[in-house]
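Engineer: My structure is stored as coords36.cif, with mmCIF, C-alpha atoms.
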```cif
data_entry
#
loop_
_atom_site.label_atom_id
_atom_site.label_comp_id
_atom_site.auth_asym_id
_atom_site.auth_seq_id
_atom_site.Cartn_x
_atom_site.Cartn_y
_atom_site.Cartn_z
CA MET A 216 0.00 0.00 0.00
CA PRO A 217 1.64 3.29 -1.02
CA PRO A 218 1.92 5.59 1.95
CA GLY A 219 -0.39 8.59 2.09
CA THR A 220 -3.01 7.42 -0.37
CA THR A 221 -5.42 4.93 1.12
CA GLU A 222 -4.40 4.84 4.76
CA THR A 223 -7.01 5.83 7.33
CA ASP A 224 -6.48 8.83 9.59
CA GLU A 225 -5.92 6.48 12.50
CA GLN A 226 -3.20 4.53 10.65
CA LEU A 227 -1.51 7.80 9.71
CA MET A 228 -1.79 9.01 13.29
CA GLU A 229 -0.07 5.86 14.51
CA ARG A 230 2.87 6.58 12.18
CA PHE A 231 2.88 10.27 13.14
CA VAL A 232 3.01 9.41 16.86
CA ASN A 233 6.21 7.55 16.07
CA GLY A 234 7.62 10.72 14.52
CA GLU A 235 7.01 10.14 10.78
CA GLU A 236 6.81 13.55 9.13
CA GLN A 237 5.16 12.22 5.98
CA ALA A 238 2.24 10.87 8.00
CA PHE A 239 1.84 14.22 9.74
CA THR A 240 1.90 16.08 6.42
CA GLU A 241 -0.78 13.79 5.01
CA LEU A 242 -3.03 14.31 8.05
CA PHE A 243 -2.44 18.06 7.88
CA GLU A 244 -3.37 18.22 4.20
CA ARG A 245 -6.51 16.19 4.80
CA HIS A 246 -7.85 18.22 7.71
CA ALA A 247 -6.21 21.65 8.04
CA PRO A 248 -8.11 23.55 5.30
CA ARG A 249 -11.52 22.53 6.56
CA LEU A 250 -10.53 22.99 10.20
CA GLN A 251 -9.33 26.49 9.41
CA GLY A 252 -12.80 27.27 8.03
CA THR A 253 -14.38 25.96 11.23
CA LEU A 254 -12.05 28.01 13.40
CA ARG A 255 -12.64 31.13 11.31
CA ARG A 256 -16.35 30.87 12.11
CA ILE A 257 -15.62 30.50 15.83
CA VAL A 258 -12.72 32.88 16.48
CA GLY A 259 -12.79 35.07 13.34
CA SER A 260 -9.53 36.51 12.09
CA ALA A 261 -7.47 34.68 14.74
CA SER A 262 -8.17 31.34 13.03
CA GLY A 263 -4.59 31.09 11.73
CA ASP A 264 -3.13 31.49 15.21
CA VAL A 265 -5.58 29.03 16.73
CA LEU A 266 -4.95 26.53 13.92
CA GLN A 267 -1.22 26.77 14.61
CA THR A 268 -1.84 26.28 18.35
CA THR A 269 -3.97 23.24 17.50
CA PHE A 270 -1.33 21.51 15.39
CA LEU A 271 1.49 22.43 17.77
CA SER A 272 -0.63 20.93 20.56
CA ILE A 273 -1.04 17.62 18.80
CA VAL A 274 2.66 17.49 17.92
CA ARG A 275 3.78 18.23 21.48
CA ALA A 276 1.22 15.98 23.19
CA ARG A 277 0.99 13.20 20.59
CA GLY A 278 1.84 10.79 23.39
CA ARG A 279 -1.67 11.41 24.76
CA TYR A 280 -3.38 10.09 21.62
CA GLN A 281 -5.06 6.78 22.37
CA ARG A 282 -4.14 4.42 19.56
CA GLY A 283 -7.12 3.49 17.39
CA ALA A 284 -9.31 6.33 18.67
CA PRO A 285 -11.14 8.21 15.85
CA PHE A 286 -8.76 10.96 14.72
CA ARG A 287 -11.13 13.62 13.36
CA PRO A 288 -13.22 14.06 16.54
CA TRP A 289 -9.97 14.12 18.56
CA LEU A 290 -8.49 16.82 16.32
CA TYR A 291 -11.67 18.90 16.56
CA THR A 292 -11.72 18.54 20.34
CA VAL A 293 -8.16 19.91 20.47
CA ALA A 294 -9.09 22.75 18.10
CA LEU A 295 -12.19 23.67 20.13
CA ASN A 296 -10.14 23.65 23.33
CA ALA A 297 -7.63 25.97 21.69
CA ALA A 298 -10.44 28.23 20.42
CA ARG A 299 -12.06 28.42 23.84
CA ASP A 300 -8.72 29.24 25.44
CA TYR A 301 -8.18 31.99 22.87
CA LEU A 302 -11.66 33.43 23.46
CA ARG A 303 -11.23 33.22 27.24
CA ARG A 304 -7.96 35.14 27.10
CA HIS A 305 -9.28 37.75 24.67
CA ARG A 306 -12.78 38.20 26.11
CA ARG A 307 -11.76 41.26 28.13
CA GLU A 308 -10.10 42.88 25.16
CA GLU A 309 -12.99 42.47 22.73
CA PRO A 310 -16.42 43.80 23.69
CA HIS A 311 -19.37 41.45 23.20
CA PRO A 312 -20.95 42.02 19.81
CA THR A 313 -24.20 43.96 19.67
CA ASP A 314 -27.40 42.80 17.99
CA LYS A 315 -26.53 44.67 14.81
CA LEU A 316 -24.71 42.69 12.14
CA PRO A 317 -21.21 44.01 11.42
CA GLU A 318 -20.67 45.71 8.08
CA ALA A 319 -17.86 43.40 7.12
CA ALA A 320 -16.37 40.46 8.91
CA ALA A 321 -12.67 39.67 8.61
CA GLU A 322 -11.79 38.69 5.07
CA PRO A 323 -12.36 34.94 4.87
CA THR A 324 -9.50 32.78 3.70
CA PRO A 325 -10.37 31.34 0.29
CA LEU A 326 -11.76 27.88 0.90
CA PRO A 327 -13.57 25.30 -1.20
CA ASP A 328 -16.83 26.33 0.43
CA PRO A 329 -19.13 27.64 -2.28
CA GLY A 330 -22.23 27.83 -0.05
CA LEU A 331 -20.52 30.10 2.38
CA SER A 332 -22.38 33.35 2.84
CA ARG A 333 -20.70 36.32 4.40
CA THR A 334 -24.04 37.32 5.90
CA VAL A 335 -24.31 33.96 7.63
CA GLU A 336 -20.75 34.35 8.94
CA ALA A 337 -21.54 37.81 10.28
CA ALA A 338 -24.75 36.52 11.89
CA LEU A 339 -22.84 33.60 13.39
CA ALA A 340 -20.48 36.05 15.06
CA GLN A 341 -23.46 37.46 16.94
CA LEU A 342 -24.29 34.16 18.64
CA PRO A 343 -23.07 33.24 22.13
CA GLU A 344 -19.93 31.08 21.99
CA ASN A 345 -21.63 27.79 22.94
CA GLN A 346 -24.43 28.20 20.37
CA ARG A 347 -21.92 29.21 17.70
CA GLU A 348 -19.80 26.09 18.33
CA ALA A 349 -22.83 23.80 18.06
CA ILE A 350 -24.04 25.39 14.81
CA VAL A 351 -20.62 25.52 13.16
CA LEU A 352 -19.93 21.87 13.92
CA HIS A 353 -23.42 20.79 12.84
CA ARG A 354 -24.04 22.95 9.81
CA PHE A 355 -20.55 23.37 8.36
CA ASP A 356 -18.69 20.26 9.52
CA GLY A 357 -21.42 17.65 9.29
CA PHE A 358 -21.07 16.34 12.84
CA SER A 359 -24.19 14.80 14.38
CA PHE A 360 -25.45 16.15 17.72
CA LYS A 361 -24.20 12.99 19.40
CA GLU A 362 -20.70 13.54 17.99
CA ILE A 363 -20.78 17.22 18.98
CA ALA A 364 -21.74 16.21 22.52
CA GLU A 365 -18.66 13.96 22.62
CA LEU A 366 -16.44 16.74 21.27
CA LEU A 367 -17.67 19.32 23.76
CA GLY A 368 -17.94 16.99 26.74
CA VAL A 369 -21.61 17.79 27.35
CA THR A 370 -24.87 15.86 26.95
CA GLU A 371 -26.59 15.45 23.59
CA THR A 372 -29.65 17.23 25.00
CA ALA A 373 -27.52 20.24 25.93
CA VAL A 374 -26.14 20.38 22.38
CA LYS A 375 -29.65 20.15 20.89
CA VAL A 376 -30.85 23.01 23.10
CA ARG A 377 -27.84 25.14 22.12
CA ALA A 378 -28.31 24.36 18.44
CA HIS A 379 -32.06 25.05 18.53
CA ARG A 380 -31.55 28.41 20.22
CA GLY A 381 -28.67 29.19 17.87
CA TYR A 382 -30.59 28.31 14.69
CA GLU A 383 -33.57 30.31 15.94
CA ARG A 384 -31.42 33.37 16.65
CA LEU A 385 -29.58 32.94 13.37
CA ARG A 386 -32.86 32.84 11.47
CA THR A 387 -34.08 35.99 13.22
CA LEU A 388 -30.83 37.78 12.40
CA LEU A 389 -30.94 36.67 8.76
CA ALA A 390 -34.62 37.66 8.40
CA SER A 391 -33.89 41.07 9.90
CA GLU A 392 -30.91 41.49 7.60
CA ARG A 393 -33.10 40.71 4.57
CA GLU A 394 -35.69 43.24 5.66
CA HIS A 395 -33.02 45.93 5.87
CA ALA A 396 -31.44 44.98 2.55
CA MET B 186 -46.52 26.57 12.59
CA ASN B 187 -45.39 27.77 9.14
CA GLU B 188 -42.91 26.11 6.76
CA CYS B 189 -39.97 28.12 8.17
CA ASP B 190 -40.81 26.99 11.73
CA ARG B 191 -41.11 23.39 10.57
CA PHE B 192 -37.70 23.63 8.91
CA LEU B 193 -36.18 25.11 12.07
CA GLU B 194 -37.56 22.26 14.19
CA ALA B 195 -36.22 19.71 11.70
CA VAL B 196 -32.73 21.19 11.38
CA ALA B 197 -32.35 21.64 15.12
CA SER B 198 -33.31 18.06 15.87
CA ASP B 199 -31.22 16.38 13.16
CA ARG B 200 -34.39 15.16 11.39
CA LEU B 201 -34.19 16.96 8.07
CA ASP B 202 -36.45 15.28 5.54
CA GLU B 203 -36.72 16.02 1.83
CA ALA B 204 -39.74 18.33 2.33
CA ALA B 205 -37.79 20.48 4.79
CA ARG B 206 -34.78 20.54 2.46
CA ALA B 207 -36.96 21.52 -0.48
CA HIS B 208 -38.45 24.39 1.51
CA ALA B 209 -34.99 25.62 2.58
CA ARG B 210 -33.69 25.49 -1.00
CA GLY B 211 -36.45 27.90 -2.04
CA CYS B 212 -36.43 30.13 1.07
CA ALA B 213 -33.98 33.02 1.33
CA VAL B 214 -33.98 32.97 5.14
CA CYS B 215 -33.89 29.20 5.76
CA GLY B 216 -31.58 28.42 2.82
CA PRO B 217 -28.35 29.54 4.51
CA LEU B 218 -29.16 27.31 7.52
CA LEU B 219 -29.26 24.12 5.46
CA PRO B 220 -26.36 21.90 6.57
CA GLU B 221 -23.63 21.53 3.99
CA GLN B 222 -22.10 18.30 2.83
CA PRO B 223 -18.50 17.87 4.04
CA MET B 224 -16.11 19.25 1.44
CA PRO B 225 -12.98 17.47 0.20
CA ALA B 226 -9.69 18.88 1.42
CA ALA B 227 -8.06 21.56 -0.70
CA ALA B 228 -4.39 22.23 -1.34
CA ALA B 229 -2.67 24.19 1.41
CA GLY B 230 -2.35 27.96 0.89
CA PRO B 231 0.63 30.04 2.09
CA GLU B 232 -0.86 30.57 5.57
CA LEU B 233 -1.43 26.84 5.98
CA GLU B 234 2.07 26.10 4.69
CA ALA B 235 3.50 28.29 7.43
CA VAL B 236 1.46 26.46 10.07
CA ARG B 237 2.54 23.09 8.69
CA ASN B 238 6.22 24.05 8.58
CA ARG B 239 6.12 25.30 12.14
CA ALA B 240 4.46 22.06 13.29
CA LEU B 241 7.00 19.94 11.38
CA GLU B 242 9.81 21.91 13.02
CA ALA B 243 8.25 21.18 16.42
CA LEU B 244 7.91 17.50 15.49
CA ARG B 245 11.66 17.30 14.77
CA THR B 246 12.57 18.83 18.12
CA THR B 247 9.90 17.34 20.42
CA PRO B 248 10.47 13.75 21.47
CA LEU B 249 7.51 11.45 22.03
CA ARG B 250 6.47 11.51 25.70
CA PRO B 251 3.89 8.83 26.55
CA TRP B 252 1.42 10.11 29.15
CA THR B 253 1.95 6.96 31.23
CA GLN B 254 5.56 8.01 31.84
CA ASP B 255 4.51 11.35 33.35
CA ALA B 256 1.71 9.74 35.34
CA ALA B 257 4.07 7.10 36.77
CA ARG B 258 6.55 9.81 37.82
CA VAL B 259 3.84 11.80 39.61
CA ALA B 260 2.51 8.65 41.30
CA LEU B 261 6.00 7.74 42.54
CA LEU B 262 6.71 11.30 43.70
CA GLN B 263 3.44 11.48 45.62
CA ALA B 264 3.98 8.06 47.20
CA ALA B 265 7.53 9.08 48.22
CA VAL B 266 6.33 12.38 49.74
CA ALA B 267 3.52 10.61 51.64
CA LEU B 268 5.87 7.96 53.04
CA VAL B 269 8.66 10.40 53.94
CA VAL B 270 6.24 12.70 55.83
CA THR B 271 4.74 9.65 57.56
CA VAL B 272 8.19 8.63 58.77
CA LEU B 273 9.09 12.20 59.76
CA ILE B 274 6.01 12.84 61.89
CA GLY B 275 5.84 9.25 63.19
CA PRO B 276 3.01 6.69 63.42
CA ARG B 277 1.69 7.83 66.85
CA ASN B 278 -1.88 6.87 66.05
CA TRP B 279 -0.92 3.35 64.95
CA LYS B 280 0.92 2.84 68.26
CA SER B 281 -1.93 4.25 70.32
CA PRO B 282 -3.85 1.67 72.42
CA MET B 283 -7.09 3.34 71.24
CA ALA B 284 -6.39 2.62 67.56
CA HIS B 285 -8.57 0.26 65.50
CA HIS B 286 -5.72 -1.37 63.60
CA MET B 287 -7.76 -3.17 60.98
CA ALA B 288 -9.77 -0.06 60.10
CA LEU B 289 -6.59 2.07 60.06
CA ALA B 290 -4.82 -0.39 57.76
CA VAL B 291 -7.72 -0.63 55.30
CA VAL B 292 -8.27 3.14 55.08
CA GLY B 293 -4.48 3.67 54.91
CA ALA B 294 -4.37 1.33 51.91
CA VAL B 295 -7.25 3.21 50.26
CA LEU B 296 -5.44 6.53 50.79
CA LEU B 297 -2.26 5.09 49.26
CA VAL B 298 -4.28 4.03 46.21
CA VAL B 299 -5.69 7.58 45.96
CA VAL B 300 -2.15 8.99 46.20
CA THR B 301 -0.70 6.68 43.51
CA LEU B 302 -3.40 5.34 41.19
CA GLY B 303 -5.43 8.53 41.69
CA SER B 304 -2.78 10.64 40.00
CA VAL B 305 -2.64 8.21 37.07
CA VAL B 306 -6.43 8.39 36.65
CA ALA B 307 -6.35 12.18 36.95
CA LEU B 308 -3.75 12.47 34.17
CA ALA B 309 -5.28 9.87 31.84
CA PRO B 310 -6.24 11.07 28.33
CA GLY B 311 -9.89 11.86 27.63
CA ARG B 312 -12.53 13.52 29.76
CA ARG B 313 -14.37 10.63 31.38
CA LEU B 314 -11.79 8.87 33.57
CA PRO B 315 -10.66 11.87 35.69
CA ARG B 316 -14.31 12.60 36.54
CA TRP B 317 -14.54 9.30 38.40
CA MET B 318 -12.05 10.68 40.93
CA LEU B 319 -14.65 13.20 42.06
CA ALA B 320 -16.57 10.33 43.67
CA LEU B 321 -13.85 10.44 46.33
CA VAL B 322 -15.20 13.74 47.70
CA PRO B 323 -17.82 12.07 49.94
CA VAL B 324 -16.05 8.69 50.22
CA VAL B 325 -12.71 9.72 51.74
CA PRO B 326 -14.13 11.86 54.60
CA LEU B 327 -16.56 9.04 55.39
CA LEU B 328 -13.73 6.49 55.54
CA LEU B 329 -11.64 8.81 57.72
CA VAL B 330 -14.49 9.11 60.21
CA LEU B 331 -15.20 5.36 60.16
CA SER B 332 -11.56 4.53 60.89
CA GLY B 333 -11.33 7.10 63.71
CA ASN B 334 -11.35 5.99 67.34
CA GLY B 335 -13.97 8.59 68.27
CA VAL B 336 -11.79 10.14 70.98
CA HIS B 337 -11.48 13.94 70.89
CA THR B 338 -8.00 14.87 72.13
CA ALA B 339 -7.12 18.08 70.25
CA THR B 340 -9.67 20.19 72.09
CA THR B 341 -8.16 23.59 71.26
CA MET B 342 -7.56 25.11 67.85
CA ARG B 343 -3.86 25.44 68.74
CA ALA B 344 -3.69 21.67 69.25
CA ALA B 345 -5.68 20.90 66.10
CA LEU B 346 -4.10 23.36 63.70
CA PRO B 347 -0.89 21.34 63.05
CA CYS B 348 -3.05 18.72 61.29
CA LEU B 349 -4.37 21.30 58.85
CA VAL B 350 -0.88 22.69 58.28
CA THR B 351 0.49 19.18 57.65
CA VAL B 352 -2.14 18.44 54.99
CA VAL B 353 -1.39 21.69 53.20
CA LEU B 354 2.41 21.68 53.44
CA THR B 355 2.74 18.01 52.44
CA ALA B 356 0.75 18.69 49.28
CA VAL B 357 2.78 21.70 48.13
CA ILE B 358 5.39 19.84 46.04
CA PRO B 359 3.01 17.20 44.56
CA LEU B 360 0.50 19.92 43.68
CA ALA B 361 3.14 22.16 42.08
CA VAL B 362 4.48 19.27 39.97
CA GLY B 363 0.94 18.21 39.03
CA LEU B 364 -0.06 21.72 37.98
CA ALA B 365 3.08 22.02 35.85
CA LEU B 366 2.12 18.78 34.09
CA LEU B 367 -1.47 19.92 33.62
CA ARG B 368 -0.16 22.81 31.51
CA GLY B 369 0.62 20.17 28.89
CA MET B 370 -3.06 19.30 28.44
CA ALA B 371 -6.34 21.13 27.88
CA LEU B 372 -7.82 23.19 30.67
CA ASP B 373 -10.25 20.85 32.45
CA THR B 374 -11.76 21.75 35.80
CA ALA B 375 -12.65 18.16 36.74
CA ARG B 376 -9.16 16.89 35.88
CA THR B 377 -7.53 19.69 37.90
CA ALA B 378 -9.73 18.96 40.91
CA ALA B 379 -8.99 15.23 40.55
CA LEU B 380 -5.25 15.86 40.60
CA GLY B 381 -5.71 18.20 43.58
CA LEU B 382 -7.54 15.43 45.46
CA SER B 383 -4.74 12.97 44.71
CA ALA B 384 -1.95 15.42 45.66
CA GLY B 385 -3.80 16.48 48.83
CA ALA B 386 -4.17 12.85 49.88
CA THR B 387 -0.39 12.70 50.54
CA GLY B 388 -0.89 14.76 53.71
CA LEU B 389 -4.03 12.82 54.64
CA PHE B 390 -2.06 9.59 54.41
CA ALA B 391 0.71 10.84 56.73
CA LEU B 392 -1.77 12.23 59.26
CA HIS B 393 -3.82 9.05 59.16
CA TRP B 394 -1.00 7.19 60.96
CA ASN B 395 -0.02 10.08 63.20
CA CYS B 396 -3.07 11.96 64.53
CA THR B 397 -4.54 10.47 67.69
CA ASP B 398 -7.67 12.62 67.61
CA GLY B 399 -10.24 10.26 66.12
CA SER B 400 -13.33 12.42 66.60
CA ALA B 401 -15.53 13.01 63.57
CA SER B 402 -15.48 16.79 64.03
CA HIS B 403 -11.66 16.93 64.09
CA LEU B 404 -11.23 14.53 61.18
CA LEU B 405 -13.70 16.47 59.05
CA ALA B 406 -12.56 20.00 59.95
CA TYR B 407 -8.78 19.55 60.12
CA HIS B 408 -8.14 16.60 57.78
CA ALA B 409 -10.88 16.37 55.15
CA LEU B 410 -11.69 20.07 54.80
CA PRO B 411 -8.14 21.23 53.94
CA TRP B 412 -7.86 18.27 51.55
CA LEU B 413 -10.98 19.44 49.72
CA ALA B 414 -9.85 23.07 49.88
CA LEU B 415 -6.58 22.12 48.16
CA ALA B 416 -8.49 20.49 45.30
CA LEU B 417 -10.63 23.61 44.92
CA LEU B 418 -7.60 25.90 45.14
CA ALA B 419 -5.95 23.94 42.32
CA ILE B 420 -8.67 25.10 39.91
CA PRO B 421 -7.94 28.87 39.93
CA LEU B 422 -4.21 28.13 40.10
CA ARG B 423 -4.45 26.04 36.91
CA ARG B 424 -6.58 28.68 35.20
CA ALA B 425 -3.94 31.29 35.98
CA LEU B 426 -1.28 29.19 34.22
CA SER B 427 -0.84 29.20 30.46
CA THR B 428 -1.60 26.07 28.43
CA GLU B 429 1.15 24.47 26.32
CA SER B 430 -1.09 21.91 24.63
CA HIS B 431 -4.84 21.68 24.28
CA VAL B 432 -4.98 17.91 23.89
CA PRO B 433 -7.59 16.37 26.26
#
```
Have the structure of the file written as structure tokens, please.

Structural biologist:
Amino acid sequence: MPPGTTETDEQLMERFVNGEEQAFTELFERHAPRLQGTLRRIVGSASGDVLQTTFLSIVRARGRYQRGAPFRPWLYTVALNAARDYLRRHRREEPHPTDKLPEAAAEPTPLPDPGLSRTVEAALAQLPENQREAIVLHRFDGFSFKEIAELLGVTETAVKVRAHRGYERLRTLLASEREHA
Amino acid sequence: MNECDRFLEAVASDRLDEAARAHARGCAVCGPLLPEQPMPAAAAGPELEAVRNRALEALRTTPLRPWTQDAARVALLQAAVALVVTVLIGPRNWKSPMAHHMALAVVGAVLLVVVTLGSVVALAPGRRLPRWMLALVPVVPLLLVLSGNGVHTATTMRAALPCLVTVVLTAVIPLAVGLALLRGMALDTARTAALGLSAGATGLFALHWNCTDGSASHLLAYHALPWLALALLAIPLRRALSTESHVP
């Protein structure tokens, strides 16, 4: 089997844990672009910094990866932890957004995401952090509520409540934006 | 309930059917809320290249450190501290004619497990395992009281205070080492408290063999309470420290 073509994430991770750079590069290429999009929707323009923190975290603490565990949820858990840490440290510096949608969000990094609407991104930025996380992971990353509950370390019911409130608020914001347009 | 409300209910409960999708595709407000299909990965841009290069550089310079190695070191350190302090302050309680030796031995063994295996559980990867340690919060004080001889000897605060001081001082080094290790993993309140409980148990273990006051009030106020307070104190201390890695 040629390396880097048909191996699963978990097989690559096993090789990466042992220090194989090629395996790391393959995992990075598979997941980093999409993860950057996710982080951009959660932390805005700091997504590059948080993405770097995420990958440095998994390099430094690769000894904590449990062999055979699903890689993608693990990676997203690390990324969400890094995003929360970033938001916690910067909460005092950045005032909480108001109800009005911003004129222009930070310029999004070009991604293969044709359905992406800048209005949706701006509306997302208005949601509380926990609702935003649930919606981003559900709507943009295709995780089920059960998987999101695992990622966030909360119950599935809690995720559903957050998502419901988030979608409701998002719809209100989008409807209001359309009325003003 | 209109079509938009029906779509909202469906999307927020993971039960999107074709009718709801069809509505969203034709509705300007609901359309943007329709979940997207996962996209294939794209080639890395310059910003991603920089992140990858930095991570590869770190990979070349950071040796693999299995978590079990760190956990074993902490367990050994905590066991050594507990035993050294026990020897230093002496097993007065064990030698006392009032002591219930069987109960003392059993609870002593439990405390040693908390000191050693507890730190391993607290440092284990994932979120679930460390949470089990929190079950110790009611169990340990109960065991301390059950193994006590019921005799109240330290009747003044001056006589009782050394117990509290012993619990706190004995835990200083284990707690400091544990907090330093916790910087290498994601901020997790339950994990921090679990490690605090394990580190604080070093002092409890030493006192268990030494303190001749076996009254419930003394054991709870001057043994168990400072032990719990140390676990709680660990939480703001950990939050004040920076995080080197966000891996759970």

Engineer: A:Glu362, A:Glu344, A:Glu235, A:Glu222: which is nearest chain B, counting all atoms listed in the file?

Structural biologist: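 Closest residue, counting all atoms listed in the file: A:Glu235.
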
Engineer: Write out as a short mmCIF file (atom, residue, chain, number, x, y, z; two decimals) with C-alpha atoms, keeping the file's coordinate frame which residues come within 12 Å of B:Pro282 when counting only C-alpha atoms, dropping same-chain ones fewer than 6 positions away.

Structural biologist:
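The result, stored in out.cif:
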```cif
data_model
loop_
_atom_site.label_atom_id
_atom_site.label_comp_id
_atom_site.auth_asym_id
_atom_site.auth_seq_id
_atom_site.Cartn_x
_atom_site.Cartn_y
_atom_site.Cartn_z
CA ASN B 334 -11.35 5.99 67.34
CA VAL B 336 -11.79 10.14 70.98
CA THR B 397 -4.54 10.47 67.69
#
```

Engineer: What are the residues of chain B lining chain A at 8 Å or less? Count all atoms listed in the file, and put the answer as an NGL selection string.

Structural biologist: :B and (193-194 or 197-199 or 214-215 or 217-229 or 232-233 or 236-237 or 239-241 or 243-245 or 247 or 249-252 or 310 or 312 or 369-372 or 429-433)

Engineer: List the residues selected by the PyMOL selection byres ((chain B and resi 269-277) around 9) in the file shown, writing them as an NGL selection string.

Structural biologist: :B and (264-268 or 278-281 or 351 or 355 or 387-388 or 390-397)

Engineer: With the file shown as input, list the residues that the PyMOL selection byres ((chain B and resi 313-330) around 9) selects, as a PyMOL selection string.

Structural biologist: (chain A and resi 368) or (chain B and resi 288-289+292+295-296+299+303+305-312+331-335+375-380+382-383+393+399-402+404-405+408-410+413)
